[in-house]
Amino acid sequence: MRQSPTFSMRTGLRSWLLAPLLTLVLAACGGSAVDTREPADESVSASAAPLADVRVRLMAANITSGNGQSYDPGEGIRIFQGTQPDVVMIQEFNYGNNSASALRSFVDTAFGTGFHYSRETGAQIPNGVISRWPIVSSGQWNDPVVSNRDFAWARIDVPGSKDLWVVSVHLLNSGSAGDRNNEAIELVKRINELVPVGDYLTIGGDFNTDSRTESCFSTFNQVVTTNGPHPVDQNGDPDTNSNRNKPYDHVLVDSDLRAYQTPTVLGSSSFSAGVVVDTRVYTPLSDISPAQYGDSASTNMQHMAVIKDFLIPADTTPPPPASVTVVSPNGGESWTGGLNGTITWTASNVTNVKLEYTLDGSTWNVITASTPASAGSYGWTVPGTATTTARVRVSDASNVATSDTSDGAFTITAPGPTPDPVITQETEVNNTAAGANGRVAAGTNVTGSVSTSTDIDWFKFTVTAPGFVTVKLTMPGTGDLDWYLYSGSNVTTYLTRGYTTANPEVGTYNVSAAGTYYVKVVGYAGATSSYTLNVSGAVVQP
């Protein structure tokens, strides 16, 4: 069992001195990067206010995909957005160039601008913690078995009188159960040294365990509970690796927190012991929108996320006021019927929003009954009925009294010409942008061949709004082809390219405007090969 510390870290003069001292020691030793977003408050409330239950959704997430052990491709981001965790023990915490701005952008997109994060430093595939509530302090402990990551910990100021201590781990995958037990021994030692026995504790992440009888669980049982029942997917499967045959990922909590576990509810589904999130078996997917069916089966998707929910007692304070504001369309715009438009809004203290539209100013039609408020935008196929009196309305999905409507009417014009037919096969001659094959539809594979050292293949596709576009080029065998992305207004200077030896060559670019875009496929240094081209993204025309 964890030993009670000789003094409380939450009260007394020594605790007031310890927190800044601990921060200085960690910094001197190369402690973790942390974005707390607001000052830590070490004060203790003496209020005798009544208590209320606050949901805390904990997630273990090693859900990178693609070829870079990174969250860039977007499949993991959609799972985060759809399941809305409060605290995430995240593995392989890489995004973009891993700069502070790139990591902040990832957290804002996947969770919301009010979330906080900490991330270990000096690791190839770092662990980290992402939290809805302020991170008071954080750091990392050396993993005695692996060299490319350590153990990341964070102390979180959750509502109530106790703090939540979170440890994010990624145990050895290629070694023995004995190696993983040695990692567990080191973790238990560190936890006993630092974590007050009266606070909440969770250890979560990718344990890489072949079974639930490995010795590391007996070791972890000294500080957290490891007994079942365990989270399962909708088919009752508790395994979490990509092949769904081993229990790799876990959310383990101490007995204090375990007492407050509550069923995890996602839309119309309830999971009494927590849920293993596999988009291939989850229905209806609208419960976890914008997650898509193939996200859990995407290229090199590591594992399935694991979620447990808890209702902890917290001091009751008046909730901050909720508000929503329509940003676009807000009056005066002209949108074309039948095409995709993007509704945007801002929201404060709202979890999910309901979107509606009217064509005549009085009859309202539901676009979606619930979508994450933090997303701030929603792609919408504009109705084909022409009108000059259209408006949209955004409401708090749980309280429609909190709502906002377009300040003025906008226009919907009759649908334009039928889009170019979708292609699935390259045809020559397409060696120039003017002769580009098209239209490449979102998510549709197009097969082709660079048949000579001078062959160049051009393709075109349509983007309906600003947003992310992903290009994927797959070659059989060892063929080395590259791709370049161009805007319709400039086919001489590329926006981005897939220019490595990777197979498939995959890249994502955030286009700034709707319109026609081009992809050029060419062999590197005269290489030839057949290939499959796929362009995807919510803003790419189907």
# chains A, B, ... in the order shown; residues from 1 in each chain; ligands from 1

$ residues_around --residues "stretch 73-83 of chain A" --least-positions-apart "5" --cutoff "8 Å" --atoms "only C-alpha atoms" --output "VMD selection string"
chain A and resid 63 to 66 109 to 111 266 287 to 292 295 to 296 298 372 375 470 507 to 508

$ select_by_dssp --residues "stretch 130-271 of chain A" --states "helix (DSSP H, G or I)" --output "list in words"
Ala177, Gly178, Asp179, Arg180, Asn181, Asn182, Glu183, Ala184, Ile185, Glu186, Leu187, Val188, Lys189, Arg190, Ile191, Asn192, Glu193, Leu194, Ser215, Cys216, Phe217, Ser218, Thr219, Phe220, Ser255, Asp256, Leu257 and Arg258 of chain A

$ closest_residue --among "A:Arg497, A:Glu92, A:Ser70, A:Pro263" --to "A:Tyr509" --atoms "only C-alpha atoms"
A:Arg497

$ residues_around --residues "A:Gly523" --least-positions-apart "6" --cutoff "7 Å" --atoms "only C-alpha atoms" --output "ChimeraX atom specification"
/A:450,453,480-482

$ residues_around --residues "A:Ala259" --least-positions-apart "3" --cutoff "12 Å" --atoms "only C-alpha atoms" --output "JSON, numbers by chain"
{"A": [200, 224, 225, 253, 254, 255, 256, 262, 309, 310, 311, 312, 313]}

$ select_by_dssp --residues "stretch 429-533 of chain A" --states "strand (DSSP E)" --output "ChimeraX atom specification"
/A:446-450,456-463,467-474,481-487,496-498,505-511,515-523,529-533

$ residues_around --residues "A:Ile185" --least-positions-apart "4" --cutoff "8 Å" --atoms "only C-alpha atoms" --output "ChimeraX atom specification"
/A:181,189,216,219-220
